[in-house]
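Taking it in order: structure first as structure tokens, then the write-up.
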Amino acid sequence: MARSQGVNHELSEVLNQLWSRDTNRLKPGTDYTISLQGKAGYVAQGSNTARDMARAPLFAYVNEGKLKNIKTYALFMRLLDNYEMSTGVSETVTSEELMENDLFLNAILETEVMKCAHKYLVSKGRSPSDQQQFKRQLYDMWFRLYHRDRSGGEDSCGFEHVFVGESKYGKEITGFHNWVQFYLQEKHGNVDYKGYKAQGNRNTPDEDDHVLNLQFSWKGLVKPVGSSFIGVSPEFEVALFTILFLTSTDKPCGLCTGDHGRGEGG
């Protein structure tokens, strides 16, 4: 137990270091505005019916100029449309997509956030100190395709699961934890925000919070509860999830570190 607390304290420390170095994080109320509206209700596992407690979108405003002009966001957004929604449908990776993956990794590796993550992982013996070898490790973690659905071909990767989102058997949403993807899908009419999730009244979020639990539908499928950082940079999330994955004692399948509230869906 004491060791566990020590590990948690260490992770908390490195998280604070990543947070303080995330200079590309957008500012709530300035760079974006969200509208939390009502508290979402309970949705049973496997159900795709949810009472809509939020008539307006979650994102009232996002400074798209910043998304397009900050290198890591711009390259990140180019990656979002490279994936099939359904698990079981084999992914086809083009040479252009391979180049986009490479450019994104190069860009995030130049940031202080990823340099901090790399230094920490080297100190824990989890990553090679050589920059190119570390990049290869990141590539394999985030972009190497694997079988999420055993009946089909190579249909998923860590990046798709965590950031883009997938549908499992066409019945439920898995992954989908990224706020930029949420905003873009909401803007295109594919996401319908249903309300925020909170335990009791004391944990009611406010519009400046950078971590939210949300209920939403995506192309007709309901996510009963999904956790998302709001406003953080792509490099921050890659750094955080990489550290959690590589230092976890009980490795999740793929990169599922962001899935919470299994009682109401994953």
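Ligands are numbered from 1 in the order shown, residues from 1 within each chain, and chains are lettered A, B, ... in the order they appear in the structure tokens.
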
Show which residues sit within 10 Å of Arg21 in chain A, as a ChimeraX atom specification. Count only C-alpha atoms, and ignore same-chain residues fewer than 4 positions away. /A:15-17,25,111-116,236

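Considering the residues A:Ala117, A:Glu97, A:Leu105, A:Gly189 and counting only C-alpha atoms, Ser129 in chain A has its shortest atom-to-atom contact with A:Ala117.
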
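Atom pair CA of Phe241 in chain A / CA of Lys194 in chain A: separated by 26.2 Å.
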
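Secondary structure from DSSP on the backbone puts strand (DSSP E or B) at the following positions of range 42-209 of chain A: Phe59, Ala60, Tyr61, Val62, Ser86, Tyr146, Ser156, Glu166, Ser167, Lys168, Glu172, Ile173, Thr174, Asn178, Val191, Asp192, Tyr193, Lys194, Gly195 and Tyr196 of chain A.
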
Could you pull out the alpha helix (DSSP H) residues of range 161-195 of chain A from DSSP and send them as JSON, numbers by chain? {"A": [179, 180, 181, 182, 183, 184, 185, 186, 187]}

Write the selection just made, keeping all heavy atoms, as a PDB file, in the first residue's frame?
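Okay, this is what ended up in result-v5.pdb:
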ATOM      1  N   TRP A 179     -11.046  16.352 -26.621  1.00  0.00           N
ATOM      2  CA  TRP A 179     -11.964  17.492 -26.722  1.00  0.00           C
ATOM      3  C   TRP A 179     -11.991  18.110 -28.117  1.00  0.00           C
ATOM      4  O   TRP A 179     -13.042  18.607 -28.549  1.00  0.00           O
ATOM      5  CB  TRP A 179     -11.625  18.546 -25.665  1.00  0.00           C
ATOM      6  CG  TRP A 179     -10.383  19.363 -25.945  1.00  0.00           C
ATOM      7  CD1 TRP A 179      -9.111  19.081 -25.561  1.00  0.00           C
ATOM      8  CD2 TRP A 179     -10.330  20.612 -26.643  1.00  0.00           C
ATOM      9  NE1 TRP A 179      -8.257  20.060 -25.990  1.00  0.00           N
ATOM     10  CE2 TRP A 179      -8.970  21.023 -26.647  1.00  0.00           C
ATOM     11  CE3 TRP A 179     -11.278  21.428 -27.266  1.00  0.00           C
ATOM     12  CZ2 TRP A 179      -8.558  22.206 -27.262  1.00  0.00           C
ATOM     13  CZ3 TRP A 179     -10.860  22.610 -27.875  1.00  0.00           C
ATOM     14  CH2 TRP A 179      -9.518  22.980 -27.864  1.00  0.00           C
ATOM     15  N   VAL A 180     -10.871  18.100 -28.838  1.00  0.00           N
ATOM     16  CA  VAL A 180     -10.843  18.667 -30.198  1.00  0.00           C
ATOM     17  C   VAL A 180     -11.730  17.826 -31.120  1.00  0.00           C
ATOM     18  O   VAL A 180     -12.526  18.365 -31.907  1.00  0.00           O
ATOM     19  CB  VAL A 180      -9.402  18.767 -30.757  1.00  0.00           C
ATOM     20  CG1 VAL A 180      -9.414  19.276 -32.196  1.00  0.00           C
ATOM     21  CG2 VAL A 180      -8.547  19.671 -29.877  1.00  0.00           C
ATOM     22  N   GLN A 181     -11.597  16.499 -31.012  1.00  0.00           N
ATOM     23  CA  GLN A 181     -12.450  15.604 -31.784  1.00  0.00           C
ATOM     24  C   GLN A 181     -13.927  15.825 -31.427  1.00  0.00           C
ATOM     25  O   GLN A 181     -14.801  15.860 -32.306  1.00  0.00           O
ATOM     26  CB  GLN A 181     -12.034  14.151 -31.534  1.00  0.00           C
ATOM     27  CG  GLN A 181     -13.000  13.071 -32.036  1.00  0.00           C
ATOM     28  CD  GLN A 181     -13.010  12.888 -33.553  1.00  0.00           C
ATOM     29  OE1 GLN A 181     -12.603  13.766 -34.296  1.00  0.00           O
ATOM     30  NE2 GLN A 181     -13.493  11.742 -34.004  1.00  0.00           N
ATOM     31  N   PHE A 182     -14.205  15.999 -30.142  1.00  0.00           N
ATOM     32  CA  PHE A 182     -15.585  16.241 -29.692  1.00  0.00           C
ATOM     33  C   PHE A 182     -16.117  17.525 -30.335  1.00  0.00           C
ATOM     34  O   PHE A 182     -17.223  17.546 -30.899  1.00  0.00           O
ATOM     35  CB  PHE A 182     -15.626  16.353 -28.164  1.00  0.00           C
ATOM     36  CG  PHE A 182     -17.015  16.333 -27.583  1.00  0.00           C
ATOM     37  CD1 PHE A 182     -17.515  15.187 -26.987  1.00  0.00           C
ATOM     38  CD2 PHE A 182     -17.830  17.461 -27.624  1.00  0.00           C
ATOM     39  CE1 PHE A 182     -18.802  15.162 -26.445  1.00  0.00           C
ATOM     40  CE2 PHE A 182     -19.121  17.447 -27.108  1.00  0.00           C
ATOM     41  CZ  PHE A 182     -19.605  16.292 -26.513  1.00  0.00           C
ATOM     42  N   TYR A 183     -15.328  18.588 -30.255  1.00  0.00           N
ATOM     43  CA  TYR A 183     -15.735  19.871 -30.831  1.00  0.00           C
ATOM     44  C   TYR A 183     -16.003  19.761 -32.337  1.00  0.00           C
ATOM     45  O   TYR A 183     -17.037  20.226 -32.838  1.00  0.00           O
ATOM     46  CB  TYR A 183     -14.664  20.931 -30.560  1.00  0.00           C
ATOM     47  CG  TYR A 183     -14.818  22.162 -31.426  1.00  0.00           C
ATOM     48  CD1 TYR A 183     -15.910  23.011 -31.283  1.00  0.00           C
ATOM     49  CD2 TYR A 183     -13.885  22.459 -32.419  1.00  0.00           C
ATOM     50  CE1 TYR A 183     -16.070  24.129 -32.095  1.00  0.00           C
ATOM     51  CE2 TYR A 183     -14.027  23.558 -33.239  1.00  0.00           C
ATOM     52  CZ  TYR A 183     -15.120  24.395 -33.068  1.00  0.00           C
ATOM     53  OH  TYR A 183     -15.281  25.490 -33.887  1.00  0.00           O
ATOM     54  N   LEU A 184     -15.082  19.135 -33.058  1.00  0.00           N
ATOM     55  CA  LEU A 184     -15.226  19.035 -34.518  1.00  0.00           C
ATOM     56  C   LEU A 184     -16.424  18.167 -34.903  1.00  0.00           C
ATOM     57  O   LEU A 184     -17.173  18.497 -35.828  1.00  0.00           O
ATOM     58  CB  LEU A 184     -13.940  18.478 -35.141  1.00  0.00           C
ATOM     59  CG  LEU A 184     -12.711  19.391 -35.048  1.00  0.00           C
ATOM     60  CD1 LEU A 184     -11.461  18.655 -35.524  1.00  0.00           C
ATOM     61  CD2 LEU A 184     -12.904  20.681 -35.844  1.00  0.00           C
ATOM     62  N   GLN A 185     -16.604  17.053 -34.179  1.00  0.00           N
ATOM     63  CA  GLN A 185     -17.743  16.180 -34.471  1.00  0.00           C
ATOM     64  C   GLN A 185     -19.072  16.850 -34.109  1.00  0.00           C
ATOM     65  O   GLN A 185     -20.077  16.671 -34.793  1.00  0.00           O
ATOM     66  CB  GLN A 185     -17.590  14.851 -33.725  1.00  0.00           C
ATOM     67  CG  GLN A 185     -16.501  13.947 -34.284  1.00  0.00           C
ATOM     68  CD  GLN A 185     -16.810  13.447 -35.685  1.00  0.00           C
ATOM     69  OE1 GLN A 185     -17.869  12.904 -35.953  1.00  0.00           O
ATOM     70  NE2 GLN A 185     -15.879  13.665 -36.613  1.00  0.00           N
ATOM     71  N   GLU A 186     -19.048  17.631 -33.039  1.00  0.00           N
ATOM     72  CA  GLU A 186     -20.250  18.383 -32.648  1.00  0.00           C
ATOM     73  C   GLU A 186     -20.579  19.442 -33.703  1.00  0.00           C
ATOM     74  O   GLU A 186     -21.733  19.606 -34.104  1.00  0.00           O
ATOM     75  CB  GLU A 186     -20.011  19.046 -31.278  1.00  0.00           C
ATOM     76  CG  GLU A 186     -21.247  19.653 -30.655  1.00  0.00           C
ATOM     77  CD  GLU A 186     -20.987  20.160 -29.249  1.00  0.00           C
ATOM     78  OE1 GLU A 186     -20.109  21.036 -29.073  1.00  0.00           O
ATOM     79  OE2 GLU A 186     -21.661  19.698 -28.316  1.00  0.00           O
ATOM     80  N   LYS A 187     -19.555  20.111 -34.184  1.00  0.00           N
ATOM     81  CA  LYS A 187     -19.717  21.145 -35.209  1.00  0.00           C
ATOM     82  C   LYS A 187     -20.304  20.553 -36.498  1.00  0.00           C
ATOM     83  O   LYS A 187     -21.118  21.192 -37.176  1.00  0.00           O
ATOM     84  CB  LYS A 187     -18.346  21.779 -35.490  1.00  0.00           C
ATOM     85  CG  LYS A 187     -18.346  22.876 -36.528  1.00  0.00           C
ATOM     86  CD  LYS A 187     -16.919  23.364 -36.751  1.00  0.00           C
ATOM     87  CE  LYS A 187     -16.827  24.205 -38.003  1.00  0.00           C
ATOM     88  NZ  LYS A 187     -15.435  24.582 -38.305  1.00  0.00           N
TER      89      LYS A 187
END

List as number ranges by chain the protein and nucleic acid residues near range 230-232 of chain A, meaning an atom at most 8 Å away when only C-alpha atoms are counted, but skip any in the same chain fewer than 4 places from it. A: 22, 24-28, 32, 178-179, 209-212, 236-237

Between CA of Gln137 in chain A and CA of Val238 in chain A, what is the distance in Å, rounded to a tenth? 12.5 Å

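Among A:Ser227, A:Lys124, A:Tyr139, A:Asn82, the residue with the shortest atom-to-atom distance to Leu103 in chain A, counting only C-alpha atoms, is A:Tyr139.
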
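Distance annotation: of A:Phe104, A:Phe245, A:Trp19, A:Tyr42, the residue with the minimal separation from Met77 in chain A is A:Phe104; atom set is only C-alpha atoms.
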